[in-house]
$ cat upload.pdb   # PDB, C-alpha atoms, pLDDT in the B column
MODEL        1
ATOM      1  CA  MET A 717     -39.900 -46.087 -45.606  1.00 58.00           C
ATOM      2  CA  ALA A 718     -42.615 -43.847 -47.002  1.00 67.00           C
ATOM      3  CA  GLU A 719     -42.099 -40.124 -46.619  1.00 69.00           C
ATOM      4  CA  THR A 720     -44.788 -37.499 -46.736  1.00 71.00           C
ATOM      5  CA  GLY A 721     -43.685 -33.905 -46.722  1.00 69.00           C
ATOM      6  CA  GLY A 722     -40.267 -34.959 -45.407  1.00 71.00           C
ATOM      7  CA  ILE A 723     -41.746 -37.048 -42.561  1.00 79.00           C
ATOM      8  CA  ALA A 724     -40.897 -40.723 -42.288  1.00 88.00           C
ATOM      9  CA  ALA A 725     -44.407 -42.132 -41.844  1.00 89.00           C
ATOM     10  CA  ASP A 726     -43.325 -45.525 -40.468  1.00 89.00           C
ATOM     11  CA  ARG A 727     -41.108 -43.953 -37.835  1.00 91.00           C
ATOM     12  CA  LEU A 728     -43.831 -41.495 -36.868  1.00 93.00           C
ATOM     13  CA  ARG A 729     -46.393 -44.311 -36.615  1.00 93.00           C
ATOM     14  CA  SER A 730     -44.000 -46.253 -34.385  1.00 94.00           C
ATOM     15  CA  PHE A 731     -43.668 -43.313 -31.993  1.00 96.00           C
ATOM     16  CA  VAL A 732     -47.415 -42.739 -31.901  1.00 97.00           C
ATOM     17  CA  GLU A 733     -48.160 -46.407 -31.215  1.00 98.00           C
ATOM     18  CA  ARG A 734     -45.547 -46.564 -28.436  1.00 98.00           C
ATOM     19  CA  ILE A 735     -47.008 -43.453 -26.812  1.00 98.00           C
ATOM     20  CA  GLU A 736     -50.509 -44.902 -27.067  1.00 98.00           C
ATOM     21  CA  ARG A 737     -49.397 -48.134 -25.375  1.00 98.00           C
ATOM     22  CA  LEU A 738     -47.701 -46.177 -22.592  1.00 98.00           C
ATOM     23  CA  GLU A 739     -50.811 -44.018 -22.129  1.00 98.00           C
ATOM     24  CA  ASP A 740     -52.871 -47.209 -21.744  1.00 98.00           C
ATOM     25  CA  GLU A 741     -50.412 -48.541 -19.172  1.00 98.00           C
ATOM     26  CA  LYS A 742     -50.528 -45.212 -17.338  1.00 98.00           C
ATOM     27  CA  ALA A 743     -54.327 -45.343 -17.216  1.00 98.00           C
ATOM     28  CA  ASN A 744     -54.209 -48.882 -15.848  1.00 98.00           C
ATOM     29  CA  LEU A 745     -51.670 -47.867 -13.193  1.00 98.00           C
ATOM     30  CA  ALA A 746     -53.805 -44.871 -12.219  1.00 98.00           C
ATOM     31  CA  ALA A 747     -56.784 -47.194 -11.778  1.00 98.00           C
ATOM     32  CA  ASP A 748     -54.672 -49.541  -9.647  1.00 98.00           C
ATOM     33  CA  ILE A 749     -53.506 -46.647  -7.471  1.00 98.00           C
ATOM     34  CA  LYS A 750     -57.096 -45.485  -7.064  1.00 98.00           C
ATOM     35  CA  ASP A 751     -58.031 -48.998  -5.931  1.00 98.00           C
ATOM     36  CA  VAL A 752     -55.247 -49.018  -3.332  1.00 98.00           C
ATOM     37  CA  TYR A 753     -56.412 -45.660  -1.953  1.00 98.00           C
ATOM     38  CA  ALA A 754     -59.966 -47.014  -1.769  1.00 98.00           C
ATOM     39  CA  GLU A 755     -58.711 -50.107   0.040  1.00 98.00           C
ATOM     40  CA  ALA A 756     -56.759 -47.946   2.499  1.00 98.00           C
ATOM     41  CA  LYS A 757     -59.851 -45.805   3.061  1.00 97.00           C
ATOM     42  CA  GLY A 758     -61.863 -48.954   3.721  1.00 98.00           C
ATOM     43  CA  ALA A 759     -59.287 -49.894   6.348  1.00 98.00           C
ATOM     44  CA  GLY A 760     -59.850 -46.549   8.099  1.00 98.00           C
ATOM     45  CA  PHE A 761     -56.995 -44.483   6.645  1.00 98.00           C
ATOM     46  CA  ASP A 762     -57.482 -40.958   5.293  1.00 98.00           C
ATOM     47  CA  ALA A 763     -56.669 -40.932   1.562  1.00 96.00           C
ATOM     48  CA  LYS A 764     -55.919 -37.208   1.524  1.00 97.00           C
ATOM     49  CA  VAL A 765     -53.307 -37.622   4.258  1.00 97.00           C
ATOM     50  CA  LEU A 766     -51.860 -40.668   2.478  1.00 97.00           C
ATOM     51  CA  ARG A 767     -51.424 -38.531  -0.661  1.00 97.00           C
ATOM     52  CA  GLN A 768     -49.585 -35.916   1.403  1.00 94.00           C
ATOM     53  CA  ILE A 769     -47.315 -38.586   2.880  1.00 95.00           C
ATOM     54  CA  ILE A 770     -46.539 -39.968  -0.587  1.00 96.00           C
ATOM     55  CA  ARG A 771     -45.731 -36.453  -1.839  1.00 94.00           C
ATOM     56  CA  LEU A 772     -43.479 -35.785   1.177  1.00 93.00           C
ATOM     57  CA  ARG A 773     -41.648 -39.099   0.795  1.00 95.00           C
ATOM     58  CA  LYS A 774     -40.776 -38.190  -2.787  1.00 96.00           C
ATOM     59  CA  MET A 775     -39.059 -35.008  -1.610  1.00 96.00           C
ATOM     60  CA  ASP A 776     -35.425 -34.679  -0.654  1.00 96.00           C
ATOM     61  CA  GLN A 777     -35.018 -34.446   3.133  1.00 96.00           C
ATOM     62  CA  SER A 778     -33.731 -30.863   3.019  1.00 96.00           C
ATOM     63  CA  ASP A 779     -36.559 -29.776   0.706  1.00 96.00           C
ATOM     64  CA  ARG A 780     -39.076 -31.486   2.973  1.00 95.00           C
ATOM     65  CA  ARG A 781     -37.616 -29.788   6.048  1.00 96.00           C
ATOM     66  CA  GLU A 782     -37.735 -26.399   4.305  1.00 96.00           C
ATOM     67  CA  ALA A 783     -41.370 -26.919   3.251  1.00 94.00           C
ATOM     68  CA  GLU A 784     -42.357 -27.947   6.798  1.00 93.00           C
ATOM     69  CA  GLU A 785     -40.569 -24.921   8.268  1.00 96.00           C
ATOM     70  CA  LEU A 786     -42.343 -22.596   5.837  1.00 96.00           C
ATOM     71  CA  LEU A 787     -45.678 -24.201   6.640  1.00 94.00           C
ATOM     72  CA  ASP A 788     -45.045 -23.716  10.366  1.00 95.00           C
ATOM     73  CA  LEU A 789     -44.022 -20.093   9.754  1.00 95.00           C
ATOM     74  CA  TYR A 790     -47.144 -19.378   7.698  1.00 96.00           C
ATOM     75  CA  LYS A 791     -49.401 -21.063  10.270  1.00 95.00           C
ATOM     76  CA  SER A 792     -47.789 -19.037  13.041  1.00 95.00           C
ATOM     77  CA  ALA A 793     -48.249 -15.811  11.083  1.00 95.00           C
ATOM     78  CA  LEU A 794     -51.938 -16.641  10.718  1.00 96.00           C
ATOM     79  CA  ASP A 795     -52.333 -17.608  14.396  1.00 94.00           C
ATOM     80  CA  MET A 796     -53.191 -21.166  13.460  1.00 94.00           C
ATOM     81  CA  GLU A 797     -51.087 -22.843  16.113  1.00 76.00           C
TER      82      GLU A 797
ENDMDL
END

$ encode --input "upload.pdb" --output "structure tokens"
Amino acid sequence: MAETGGIAADRLRSFVERIERLEDEKANLAADIKDVYAEAKGAGFDAKVLRQIIRLRKMDQSDRREAEELLDLYKSALDME
């Protein structure tokens, strides 16, 4: 294993190549997700609302409840209800 300045070049190259492959996969997945949102929009769904739903579904139920309560409180304070 060649070393340059104390760095194992082969090991470093392996990490860089793995990261590059994962970045490519991530870009492909992002494109696929974009396509699904476009398909949903074509079917009459609002992509912005779908993104909110996805974000909310990722949250723990108690965190989601707290966020919704805060949103309601803020809206009430601003006379938005």

$ residues_around --input "upload.pdb" --residues "Arg767 of chain A" --least-positions-apart "2" --cutoff "12 Å" --atoms "all atoms listed in the file" --output "list of chain:residue names"
A:Ile749, A:Lys750, A:Val752, A:Tyr753, A:Ala756, A:Lys757, A:Phe761, A:Asp762, A:Ala763, A:Lys764, A:Val765, A:Ile769, A:Ile770, A:Arg771, A:Leu772, A:Arg773, A:Lys774

$ write_last_selection --input "upload.pdb" --atoms "C-alpha atoms" --output "JSON list (two decimals), in the coordinates of the input"
[["chain", "number", "residue", "atom", "x", "y", "z"],
["A", 749, "ILE", "CA", -53.51, -46.65, -7.47],
["A", 750, "LYS", "CA", -57.10, -45.48, -7.06],
["A", 752, "VAL", "CA", -55.25, -49.02, -3.33],
["A", 753, "TYR", "CA", -56.41, -45.66, -1.95],
["A", 756, "ALA", "CA", -56.76, -47.95, 2.50],
["A", 757, "LYS", "CA", -59.85, -45.80, 3.06],
["A", 761, "PHE", "CA", -57.00, -44.48, 6.64],
["A", 762, "ASP", "CA", -57.48, -40.96, 5.29],
["A", 763, "ALA", "CA", -56.67, -40.93, 1.56],
["A", 764, "LYS", "CA", -55.92, -37.21, 1.52],
["A", 765, "VAL", "CA", -53.31, -37.62, 4.26],
["A", 769, "ILE", "CA", -47.32, -38.59, 2.88],
["A", 770, "ILE", "CA", -46.54, -39.97, -0.59],
["A", 771, "ARG", "CA", -45.73, -36.45, -1.84],
["A", 772, "LEU", "CA", -43.48, -35.78, 1.18],
["A", 773, "ARG", "CA", -41.65, -39.10, 0.80],
["A", 774, "LYS", "CA", -40.78, -38.19, -2.79]]

$ axis_aligned_box --input "upload.pdb" --around "segment 760-774 of chain A" --padding-each-side "4 Å" --output "lines of an AutoDock Vina configuration file"
center_x = -50.3
center_y = -41.2
center_z = 2.7
size_x = 27.1
size_y = 18.8
size_z = 18.9

$ atom_distance --input "upload.pdb" --atom1 "atom CA of Met796 of chain A" --atom2 "atom CA of Asp776 of chain A"
26.4 Å

$ atom_distance --input "upload.pdb" --atom1 "atom CA of Leu745 of chain A" --atom2 "atom CA of Met775 of chain A"
21.4 Å

$ atom_distance --input "upload.pdb" --atom1 "atom CA of Glu782 of chain A" --atom2 "atom CA of Gln768 of chain A"
15.5 Å

$ decode --input "upload.pdb" --residues "chain A" --atoms "C-alpha atoms" --output "mmCIF file, in the first residue's frame"
data_model
loop_
_atom_site.group_PDB
_atom_site.id
_atom_site.type_symbol
_atom_site.label_atom_id
_atom_site.label_comp_id
_atom_site.auth_asym_id
_atom_site.auth_seq_id
_atom_site.Cartn_x
_atom_site.Cartn_y
_atom_site.Cartn_z
ATOM 1 C CA MET A 717 0.000 0.000 0.000
ATOM 2 C CA ALA A 718 1.572 3.257 -1.122
ATOM 3 C CA GLU A 719 1.787 6.008 1.458
ATOM 4 C CA THR A 720 2.156 9.680 0.743
ATOM 5 C CA GLY A 721 2.747 11.953 3.680
ATOM 6 C CA GLY A 722 1.472 9.242 6.035
ATOM 7 C CA ILE A 723 -1.732 8.671 4.023
ATOM 8 C CA ALA A 724 -2.515 5.229 2.666
ATOM 9 C CA ALA A 725 -3.355 6.163 -0.930
ATOM 10 C CA ASP A 726 -5.169 2.917 -1.792
ATOM 11 C CA ARG A 727 -7.411 3.150 1.249
ATOM 12 C CA LEU A 728 -8.139 6.808 0.555
ATOM 13 C CA ARG A 729 -8.953 6.035 -3.092
ATOM 14 C CA SER A 730 -11.320 3.284 -1.954
ATOM 15 C CA PHE A 731 -13.217 5.694 0.298
ATOM 16 C CA VAL A 732 -13.423 8.339 -2.412
ATOM 17 C CA GLU A 733 -14.696 5.864 -5.008
ATOM 18 C CA ARG A 734 -17.322 4.481 -2.605
ATOM 19 C CA ILE A 735 -18.532 7.997 -1.817
ATOM 20 C CA GLU A 736 -18.688 8.829 -5.519
ATOM 21 C CA ARG A 737 -20.789 5.725 -6.224
ATOM 22 C CA LEU A 738 -23.147 6.585 -3.370
ATOM 23 C CA GLU A 739 -23.443 10.179 -4.614
ATOM 24 C CA ASP A 740 -24.419 8.824 -8.048
ATOM 25 C CA GLU A 741 -27.027 6.559 -6.465
ATOM 26 C CA LYS A 742 -28.338 9.493 -4.431
ATOM 27 C CA ALA A 743 -28.683 11.599 -7.579
ATOM 28 C CA ASN A 744 -30.564 8.792 -9.310
ATOM 29 C CA LEU A 745 -32.893 8.390 -6.320
ATOM 30 C CA ALA A 746 -33.514 12.144 -6.230
ATOM 31 C CA ALA A 747 -34.463 12.029 -9.911
ATOM 32 C CA ASP A 748 -36.809 9.103 -9.244
ATOM 33 C CA ILE A 749 -38.455 10.974 -6.369
ATOM 34 C CA LYS A 750 -38.872 14.032 -8.577
ATOM 35 C CA ASP A 751 -40.575 11.835 -11.180
ATOM 36 C CA VAL A 752 -42.993 10.447 -8.585
ATOM 37 C CA TYR A 753 -43.906 13.970 -7.448
ATOM 38 C CA ALA A 754 -44.485 14.949 -11.081
ATOM 39 C CA GLU A 755 -46.672 11.886 -11.576
ATOM 40 C CA ALA A 756 -48.666 12.733 -8.441
ATOM 41 C CA LYS A 757 -49.063 16.310 -9.667
ATOM 42 C CA GLY A 758 -50.300 14.987 -13.002
ATOM 43 C CA ALA A 759 -52.896 12.978 -11.094
ATOM 44 C CA GLY A 760 -54.147 16.175 -9.426
ATOM 45 C CA PHE A 761 -52.245 16.060 -6.124
ATOM 46 C CA ASP A 762 -50.402 19.070 -4.700
ATOM 47 C CA ALA A 763 -46.672 18.273 -4.514
ATOM 48 C CA LYS A 764 -46.029 20.851 -1.799
ATOM 49 C CA VAL A 765 -48.650 19.256 0.450
ATOM 50 C CA LEU A 766 -47.278 15.786 -0.333
ATOM 51 C CA ARG A 767 -43.831 16.972 0.819
ATOM 52 C CA GLN A 768 -45.372 18.216 4.068
ATOM 53 C CA ILE A 769 -47.113 14.876 4.596
ATOM 54 C CA ILE A 770 -43.860 12.986 3.988
ATOM 55 C CA ARG A 771 -42.047 15.247 6.473
ATOM 56 C CA LEU A 772 -44.801 14.764 9.080
ATOM 57 C CA ARG A 773 -44.829 10.984 8.640
ATOM 58 C CA LYS A 774 -41.108 10.882 9.394
ATOM 59 C CA MET A 775 -41.695 12.573 12.748
ATOM 60 C CA ASP A 776 -42.393 10.823 16.016
ATOM 61 C CA GLN A 777 -46.074 11.127 16.977
ATOM 62 C CA SER A 778 -45.348 13.273 20.040
ATOM 63 C CA ASP A 779 -43.052 15.577 18.051
ATOM 64 C CA ARG A 780 -45.684 15.861 15.333
ATOM 65 C CA ARG A 781 -48.384 16.676 17.887
ATOM 66 C CA GLU A 782 -46.155 19.327 19.482
ATOM 67 C CA ALA A 783 -45.390 20.914 16.092
ATOM 68 C CA GLU A 784 -49.099 20.983 15.174
ATOM 69 C CA GLU A 785 -49.994 22.534 18.536
ATOM 70 C CA LEU A 786 -47.338 25.219 18.091
ATOM 71 C CA LEU A 787 -48.553 25.926 14.575
ATOM 72 C CA ASP A 788 -52.123 26.298 15.854
ATOM 73 C CA LEU A 789 -50.914 28.583 18.660
ATOM 74 C CA TYR A 790 -48.944 30.779 16.255
ATOM 75 C CA LYS A 791 -51.860 30.961 13.803
ATOM 76 C CA SER A 792 -54.201 31.926 16.627
ATOM 77 C CA ALA A 793 -51.803 34.622 17.823
ATOM 78 C CA LEU A 794 -51.768 36.054 14.305
ATOM 79 C CA ASP A 795 -55.566 35.841 13.919
ATOM 80 C CA MET A 796 -55.227 33.370 11.081
ATOM 81 C CA GLU A 797 -57.988 31.039 12.191
#
